[in-house]
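S.K.: Hey, dropping protein04.cif in here, mmCIF, C-alpha atoms and all ligand atoms:
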data_target
#
loop_
_atom_site.label_atom_id
_atom_site.label_comp_id
_atom_site.auth_asym_id
_atom_site.auth_seq_id
_atom_site.Cartn_x
_atom_site.Cartn_y
_atom_site.Cartn_z
CA SER A 1 -2.94 18.62 32.46
CA SER A 2 -3.43 14.99 31.42
CA VAL A 3 -1.09 13.09 29.13
CA LEU A 4 -1.76 10.18 26.80
CA GLU A 5 1.42 8.27 26.00
CA ILE A 6 1.64 5.64 23.30
CA LYS A 7 4.88 3.70 23.64
CA ASP A 8 6.35 1.25 21.14
CA LEU A 9 2.87 -0.01 20.28
CA HIS A 10 2.67 -3.22 18.28
CA VAL A 11 -0.72 -4.43 17.06
CA SER A 12 -1.73 -7.41 14.94
CA VAL A 13 -4.99 -8.84 13.62
CA GLU A 14 -6.04 -12.41 13.02
CA THR A 15 -6.74 -12.95 9.33
CA GLU A 16 -7.63 -16.03 7.31
CA GLN A 17 -3.96 -16.23 6.34
CA GLY A 18 -2.92 -16.06 9.99
CA GLN A 19 -1.67 -13.33 12.28
CA LYS A 20 -0.88 -10.08 10.48
CA GLN A 21 1.31 -7.44 12.11
CA ILE A 22 -0.05 -3.95 11.41
CA LEU A 23 1.48 -1.53 13.90
CA ARG A 24 5.22 -1.98 14.28
CA GLY A 25 6.28 0.27 17.12
CA VAL A 26 4.32 3.52 17.38
CA ASP A 27 5.44 6.25 19.80
CA LEU A 28 3.36 9.35 20.39
CA THR A 29 2.75 11.64 23.34
CA LEU A 30 -0.38 13.77 23.41
CA THR A 31 -0.91 16.38 26.11
CA GLN A 32 -4.35 17.81 26.84
CA GLY A 33 -5.03 20.94 24.83
CA GLN A 34 -2.85 19.77 21.93
CA THR A 35 -3.96 18.57 18.53
CA HIS A 36 -1.91 15.91 16.79
CA ALA A 37 -2.70 14.96 13.21
CA ILE A 38 -2.00 11.39 12.11
CA MET A 39 -1.73 11.33 8.37
CA GLY A 40 -0.78 8.66 5.92
CA PRO A 41 -1.71 6.60 2.90
CA ASN A 42 -4.56 4.12 2.94
CA GLY A 43 -3.67 0.91 4.70
CA SER A 44 -0.85 2.43 6.74
CA GLY A 45 -2.47 1.49 10.06
CA LYS A 46 -4.18 4.72 11.12
CA SER A 47 -7.51 3.13 11.96
CA THR A 48 -5.72 0.25 13.64
CA LEU A 49 -4.20 2.74 16.07
CA ALA A 50 -7.69 4.13 16.77
CA TYR A 51 -9.10 0.63 17.33
CA ALA A 52 -6.24 -0.30 19.65
CA ILE A 53 -6.85 2.81 21.77
CA ALA A 54 -10.57 1.98 21.77
CA GLY A 55 -9.95 -1.59 22.88
CA HIS A 56 -11.52 -3.30 19.89
CA PRO A 57 -11.20 -7.06 20.51
CA ARG A 58 -10.03 -7.84 16.96
CA TYR A 59 -6.89 -5.79 17.35
CA GLU A 60 -4.38 -7.61 19.50
CA VAL A 61 -1.71 -5.55 21.19
CA THR A 62 1.44 -7.65 20.98
CA GLY A 63 3.79 -5.11 22.53
CA GLY A 64 4.13 -1.67 24.01
CA SER A 65 1.74 0.34 26.12
CA ILE A 66 -0.79 3.15 26.18
CA LEU A 67 -0.66 5.21 29.35
CA LEU A 68 -3.19 7.81 30.46
CA ASP A 69 -1.59 9.81 33.26
CA GLY A 70 0.55 6.78 33.99
CA GLU A 71 -2.36 4.30 34.08
CA GLU A 72 -2.26 1.42 31.61
CA VAL A 73 -5.16 1.90 29.23
CA LEU A 74 -4.62 -1.58 27.76
CA GLU A 75 -5.70 -3.09 31.07
CA MET A 76 -8.96 -1.12 31.07
CA GLY A 77 -12.22 -2.38 29.62
CA VAL A 78 -13.94 -0.34 26.94
CA ASP A 79 -16.24 1.38 29.46
CA GLU A 80 -13.35 2.15 31.79
CA ARG A 81 -11.53 3.85 28.95
CA ALA A 82 -14.49 6.17 28.45
CA GLN A 83 -14.69 6.84 32.18
CA ALA A 84 -10.99 7.65 32.20
CA GLY A 85 -11.68 10.39 29.63
CA LEU A 86 -11.04 8.79 26.26
CA PHE A 87 -13.43 9.34 23.37
CA LEU A 88 -13.20 7.45 20.12
CA ALA A 89 -14.98 8.51 16.96
CA MET A 90 -14.61 5.71 14.46
CA GLN A 91 -14.23 5.85 10.70
CA TYR A 92 -17.41 3.75 10.47
CA PRO A 93 -19.74 4.70 13.35
CA VAL A 94 -21.98 1.85 14.52
CA GLU A 95 -25.76 1.89 14.39
CA ILE A 96 -27.62 0.97 17.57
CA PRO A 97 -31.11 -0.22 16.68
CA GLY A 98 -33.74 0.25 19.38
CA VAL A 99 -31.80 2.94 21.27
CA THR A 100 -32.65 6.58 20.70
CA ASN A 101 -29.90 9.12 20.40
CA ALA A 102 -31.20 11.03 23.44
CA ASN A 103 -31.24 7.89 25.61
CA PHE A 104 -27.86 6.81 24.39
CA LEU A 105 -26.32 10.18 25.24
CA ARG A 106 -27.87 10.27 28.69
CA THR A 107 -26.81 6.70 29.46
CA ALA A 108 -23.28 7.37 28.26
CA LYS A 109 -23.07 10.61 30.24
CA THR A 110 -24.31 8.83 33.37
CA ALA A 111 -21.83 5.98 32.95
CA ILE A 112 -18.91 8.37 32.44
CA ASP A 113 -19.74 10.79 35.25
CA GLY A 114 -20.94 8.13 37.70
CA GLU A 115 -24.23 9.99 38.18
CA ALA A 116 -27.11 11.06 36.00
CA PRO A 117 -26.91 14.62 34.67
CA PRO A 118 -29.58 16.98 36.07
CA ILE A 119 -32.49 16.58 33.68
CA ARG A 120 -33.26 20.24 32.93
CA THR A 121 -29.75 21.51 32.27
CA TRP A 122 -29.02 18.30 30.38
CA MET A 123 -31.93 18.75 27.97
CA LYS A 124 -30.84 22.33 27.43
CA ASP A 125 -27.26 21.25 26.77
CA VAL A 126 -28.37 18.60 24.28
CA LYS A 127 -30.61 21.02 22.42
CA SER A 128 -28.04 23.75 22.22
CA ALA A 129 -25.27 21.36 21.10
CA MET A 130 -27.58 20.03 18.38
CA GLN A 131 -28.36 23.56 17.25
CA ASP A 132 -24.67 24.43 17.11
CA LEU A 133 -24.14 21.40 14.87
CA ARG A 134 -27.19 22.31 12.75
CA MET A 135 -28.84 19.01 13.59
CA ASP A 136 -32.60 18.83 13.37
CA GLU A 137 -34.33 18.08 16.70
CA SER A 138 -35.70 14.85 15.25
CA PHE A 139 -32.22 13.34 15.55
CA ALA A 140 -32.72 13.17 19.33
CA SER A 141 -35.54 10.65 19.01
CA ARG A 142 -34.08 8.62 16.17
CA ASN A 143 -32.13 5.44 16.85
CA VAL A 144 -28.38 5.98 17.09
CA ASN A 145 -26.97 6.34 13.58
CA GLU A 146 -29.75 4.20 12.07
CA GLY A 147 -30.36 5.45 8.55
CA PHE A 148 -28.09 8.44 9.13
CA SER A 149 -26.10 9.60 6.12
CA GLY A 150 -22.32 9.56 6.40
CA GLY A 151 -22.26 13.27 7.19
CA GLU A 152 -25.04 12.95 9.77
CA LYS A 153 -23.10 10.19 11.53
CA LYS A 154 -20.05 12.44 11.74
CA ARG A 155 -22.09 15.28 13.22
CA ASN A 156 -23.60 12.84 15.68
CA GLU A 157 -20.12 11.82 16.83
CA ILE A 158 -19.21 15.44 17.46
CA LEU A 159 -22.49 15.84 19.35
CA GLN A 160 -21.38 13.00 21.63
CA LEU A 161 -17.96 14.58 21.95
CA GLU A 162 -19.36 17.96 22.97
CA LEU A 163 -21.73 16.49 25.54
CA LEU A 164 -19.51 13.81 27.08
CA LYS A 165 -16.58 16.22 27.53
CA PRO A 166 -13.67 13.75 27.40
CA LYS A 167 -10.02 14.63 28.03
CA PHE A 168 -8.86 13.13 24.76
CA ALA A 169 -10.63 12.39 21.50
CA VAL A 170 -9.48 10.15 18.68
CA LEU A 171 -11.24 11.24 15.51
CA ASP A 172 -10.79 8.77 12.67
CA GLU A 173 -11.50 10.27 9.23
CA THR A 174 -14.11 12.61 10.66
CA ASP A 175 -13.71 14.59 7.45
CA SER A 176 -14.58 11.77 5.07
CA GLY A 177 -17.83 12.21 3.20
CA LEU A 178 -18.37 15.78 4.42
CA ASP A 179 -19.05 18.67 2.10
CA VAL A 180 -17.34 21.96 2.94
CA ASP A 181 -20.27 23.34 4.96
CA ALA A 182 -20.57 20.20 7.07
CA LEU A 183 -16.79 20.08 7.49
CA LYS A 184 -16.86 23.62 8.90
CA ILE A 185 -19.68 22.81 11.30
CA VAL A 186 -17.99 19.65 12.53
CA SER A 187 -14.63 21.43 12.87
CA GLU A 188 -16.23 24.25 14.84
CA GLY A 189 -17.59 21.64 17.23
CA VAL A 190 -14.15 20.15 17.77
CA ASN A 191 -12.64 23.62 18.21
CA ARG A 192 -15.34 24.51 20.78
CA ALA A 193 -14.40 21.39 22.75
CA LYS A 194 -10.73 22.39 22.54
CA ASP A 195 -11.46 25.93 23.73
CA THR A 196 -13.93 25.12 26.50
CA THR A 197 -12.53 21.89 27.95
CA GLY A 198 -8.91 21.79 26.76
CA LEU A 199 -9.62 18.66 24.76
CA GLY A 200 -6.60 16.83 23.40
CA VAL A 201 -7.20 15.64 19.84
CA LEU A 202 -5.72 12.81 17.81
CA LEU A 203 -6.97 13.73 14.38
CA ILE A 204 -6.61 10.87 11.92
CA THR A 205 -6.94 11.83 8.30
CA HIS A 206 -5.79 10.85 4.84
CA TYR A 207 -6.38 14.36 3.49
CA THR A 208 -5.07 17.77 4.57
CA ARG A 209 -8.39 19.58 4.04
CA ILE A 210 -9.69 19.32 7.62
CA LEU A 211 -6.40 20.73 8.94
CA ARG A 212 -7.38 24.12 7.54
CA TYR A 213 -10.19 24.18 10.09
CA ILE A 214 -8.70 22.23 12.98
CA LYS A 215 -5.13 23.42 13.36
CA PRO A 216 -2.68 20.71 14.37
CA ASP A 217 0.22 21.45 16.69
CA PHE A 218 2.05 18.34 15.48
CA VAL A 219 1.81 16.14 12.40
CA HIS A 220 2.83 12.47 12.31
CA VAL A 221 3.04 10.62 9.02
CA PHE A 222 2.19 6.93 9.20
CA VAL A 223 3.71 4.54 6.70
CA ASN A 224 3.54 0.79 7.00
CA GLY A 225 2.53 0.77 10.66
CA ARG A 226 5.15 3.23 11.90
CA VAL A 227 5.63 6.97 12.20
CA ALA A 228 7.84 7.71 9.20
CA GLU A 229 8.16 11.43 9.79
CA GLU A 230 6.89 14.05 12.21
CA GLY A 231 6.88 17.78 12.42
CA GLY A 232 4.77 20.86 12.92
CA PRO A 233 1.84 22.16 10.85
CA GLU A 234 4.17 22.92 7.93
CA LEU A 235 4.51 19.18 7.34
CA ALA A 236 0.80 19.05 6.45
CA ASN A 237 1.30 21.81 3.91
CA ARG A 238 4.13 19.86 2.36
CA LEU A 239 1.98 16.73 2.15
CA GLU A 240 -0.76 18.74 0.51
CA GLU A 241 1.66 19.66 -2.26
CA GLU A 242 3.66 16.47 -2.55
CA GLY A 243 1.30 13.70 -1.45
CA TYR A 244 2.64 10.49 0.09
CA ASP A 245 4.74 9.26 -2.87
CA ARG A 246 8.00 10.25 -1.26
CA PHE A 247 7.23 7.99 1.71
CA LEU A 248 5.98 5.09 -0.37
CA VAL A 249 9.21 4.98 -2.34
CA ASP A 250 11.16 4.72 0.91
CA ALA A 251 8.84 2.17 2.49
P1 LIG B 1 -5.72 3.01 7.41
O1 LIG B 1 -6.73 3.40 8.42
O2 LIG B 1 -4.44 3.76 7.52
O3 LIG B 1 -6.26 3.03 6.02
P2 LIG B 1 -6.01 0.37 8.59
O4 LIG B 1 -5.53 0.48 10.00
O5 LIG B 1 -7.46 0.36 8.35
O6 LIG B 1 -5.29 1.48 7.71
O7 LIG B 1 -5.39 -0.95 7.96
C1 LIG B 1 -4.00 -1.24 7.98
C2 LIG B 1 -3.75 -2.59 7.33
O8 LIG B 1 -4.28 -3.61 8.16
C3 LIG B 1 -4.41 -2.76 5.97
O9 LIG B 1 -3.57 -3.52 5.17
C4 LIG B 1 -5.68 -3.50 6.32
O10 LIG B 1 -6.12 -4.28 5.24
C5 LIG B 1 -5.24 -4.36 7.47
N1 LIG B 1 -6.34 -4.64 8.40
C6 LIG B 1 -6.92 -3.77 9.23
N2 LIG B 1 -7.91 -4.33 9.92
C7 LIG B 1 -7.96 -5.61 9.51
C8 LIG B 1 -8.78 -6.74 9.85
N3 LIG B 1 -9.74 -6.63 10.76
N4 LIG B 1 -8.55 -7.89 9.20
C9 LIG B 1 -7.57 -7.99 8.28
N5 LIG B 1 -6.76 -6.99 7.93
C10 LIG B 1 -6.95 -5.81 8.52
MG MG B 2 -8.50 3.36 5.14
MG MG B 3 -8.63 4.16 8.30
#
Represent the structure of the file as structure tokens.

M.R.:
Amino acid sequence: SSVLEIKDLHVSVETEQGQKQILRGVDLTLTQGQTHAIMGPNGSGKSTLAYAIAGHPRYEVTGGSILLDGEEVLEMGVDERAQAGLFLAMQYPVEIPGVTNANFLRTAKTAIDGEAPPIRTWMKDVKSAMQDLRMDESFASRNVNEGFSGGEKKRNEILQLELLKPKFAVLDETDSGLDVDALKIVSEGVNRAKDTTGLGVLLITHYTRILRYIKPDFVHVFVNGRVAEEGGPELANRLEEEGYDRFLVDA
């Protein structure tokens, strides 16, 4: 199976006050089929890690590497990363005016696979994935994320995930703004992808709630741009009871 290795990753952003170091040496190895939760207080650098993996131009990697089966992801363009099997669901999904959801999905699928999906099975797959996520059919013909509520955007990201079938998915705060019913539906989608394709998941979250539905194999606690502690699922339970205060005192 495939492996995503993050090694001694350092990332900074350009701010009005100058260069600001955010990630200060992150190490993490994710094997396909595993789920790793990245938890931590606000501002600890969780989204920055997601952006760095995605190749967002604002986030400058100043050291370290990200290897996918030994290949340097940092040398890949954004499209190449998707073709290599990486999927990134951002905390704030972008709207794409003028592009329907159905066209976007088909174009993305074609770009990733290198050939267009057969039209009849594809339409069936899209419909059935939308039904599983309890998305109304009208979402296929609406522009990507335009006017979608927060929860609808999150479902739409999982729709992309289920149809594009990546090796690894980075899900940044996929639980934020979801009520319990929507959280269950979205989690079921992620679990389906885990079961059917052996998806590896980097699940970024501030809260422990989603971890009741998507079970992590490993938990990493981010504080001040570094992994301050790591462990198994029991660490999430501890955080649920104790919060992040213990780490903030040490930081
Ligand atoms: P988290 O996702 O854990 O809440 P972020 O990665 O979003 O944390 O942010 C980490 C730190 O980096 C915060 O202090 C945030 O203000 C800062 N930061 C992130 N992105 C930018 C940016 N584009 N410009 C300036 N500061 C940023
Ligand atoms: Mg935040
Ligand atoms: Mg964030």

S.K.: So that I can see what lies close to A:Gly55, please list as number ranges by chain the residues with an atom at most 8 Å from it, counting all atoms listed in the file and leaving out residues fewer than 3 positions away in the same chain.

M.R.: A: 51-52, 59, 74, 77-78

S.K.: Name the closest residue to A:Val26 among the candidates A:Pro57, A:Gly70, A:Pro118, A:Gly64; distances are taken between atoms, counting all atoms listed in the file.

M.R.: A:Gly64

S.K.: Select the residues contacting ligand MG 2 (chain B) at a distance of at most 9 Å, based on only C-alpha atoms and all ligand atoms, then format the selection as a PyMOL selection string.

M.R.: chain A and resi 41-47+91+173+206

S.K.: Do you know which residues are at most 10 Å from A:Leu203 counting only C-alpha atoms, after dropping those on the same chain fewer than 2 positions away, and could you put them as a PyMOL selection string?

M.R.: chain A and resi 35-39+46+50+89+169-175+200-201+205+210-211+214-216+219

S.K.: Would you work out the distance separating atom N2 of ligand LIG 1 (chain B) from atom CA of A:Leu49, expressed in Å to one decimal?

M.R.: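 Value for the atom N2 of ligand LIG 1 (chain B)-atom CA of A:Leu49 distance: 10.1 Å.
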
S.K.: In Å to one decimal, how far is atom O7 of ligand LIG 1 (chain B) from atom CA of A:Ser65?

M.R.: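 Result for atom CA of A:Ser65 versus atom O7 of ligand LIG 1 (chain B): 19.6 Å, one decimal.
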
S.K.: Quick one: residues within 10 Å of A:Asn237, all atoms listed in the file counted, chain neighbours fewer than 6 positions away excluded, as a PDB file with C-alpha atoms, keeping the file's coordinate frame?

M.R.:
ATOM      1  CA  THR A 208      -5.070  17.770   4.570  1.00  0.00           C
ATOM      2  CA  ARG A 209      -8.390  19.580   4.040  1.00  0.00           C
ATOM      3  CA  LEU A 211      -6.400  20.730   8.940  1.00  0.00           C
ATOM      4  CA  ARG A 212      -7.380  24.120   7.540  1.00  0.00           C
ATOM      5  CA  GLY A 243       1.300  13.700  -1.450  1.00  0.00           C
TER       6      GLY A 243
END

S.K.: Using only C-alpha atoms, which protein or nucleic acid residues come within 10 Å of A:Val61? Drop anything in the same chain fewer than 5 positions from it, and give the result as number ranges by chain.

M.R.: A: 9-13, 21, 23, 52-53, 55, 74

S.K.: Would you mind exporting C-alpha atoms of the selected residues as an mmCIF file, in the frame of the given file?

M.R.:
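The result, written out as out-v5.cif:
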data_model
loop_
_atom_site.group_PDB
_atom_site.id
_atom_site.type_symbol
_atom_site.label_atom_id
_atom_site.label_comp_id
_atom_site.auth_asym_id
_atom_site.auth_seq_id
_atom_site.Cartn_x
_atom_site.Cartn_y
_atom_site.Cartn_z
ATOM 1 C CA LEU A 9 2.870 -0.010 20.280
ATOM 2 C CA HIS A 10 2.670 -3.220 18.280
ATOM 3 C CA VAL A 11 -0.720 -4.430 17.060
ATOM 4 C CA SER A 12 -1.730 -7.410 14.940
ATOM 5 C CA VAL A 13 -4.990 -8.840 13.620
ATOM 6 C CA GLN A 21 1.310 -7.440 12.110
ATOM 7 C CA LEU A 23 1.480 -1.530 13.900
ATOM 8 C CA ALA A 52 -6.240 -0.300 19.650
ATOM 9 C CA ILE A 53 -6.850 2.810 21.770
ATOM 10 C CA GLY A 55 -9.950 -1.590 22.880
ATOM 11 C CA LEU A 74 -4.620 -1.580 27.760
#

S.K.: Compile the contact shell of A:Glu146 as a list of chain:residue names: residues with an atom at most 8 Å away, counting all atoms listed in the file, same-chain residues fewer than 6 positions apart removed.

M.R.: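 Returned residues: A:Glu95, A:Ile96, A:Pro97.
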
S.K.: Using all atoms listed in the file, find the one residue out of A:Gln34, A:Ser128, A:Thr107, A:Thr197 that sits nearest to A:Gly232.

M.R.: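 Once distances to A:Gly232 are computed over all atoms listed in the file, the minimum belongs to A:Gln34.
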
S.K.: Atom CA of A:Leu164 to atom CA of A:Lys127: how many Å, to one decimal?

M.R.: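 Interatomic distance here is 14.0 Å.
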
S.K.: Name the closest residue to A:Ala111 among the candidates A:Glu230, A:Glu60, A:Asp181, A:Glu80; distances are taken between atoms, counting only C-alpha atoms.

M.R.: A:Glu80

S.K.: So, with all atoms listed in the file as the atoms that count, which of A:Thr100, A:Ser1, A:Thr48, A:Gln32 lies closest to ligand LIG 1 (chain B)?

M.R.: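 Between A:Thr100, A:Ser1, A:Thr48, A:Gln32, the residue approaching ligand LIG 1 (chain B) most closely is A:Thr48.
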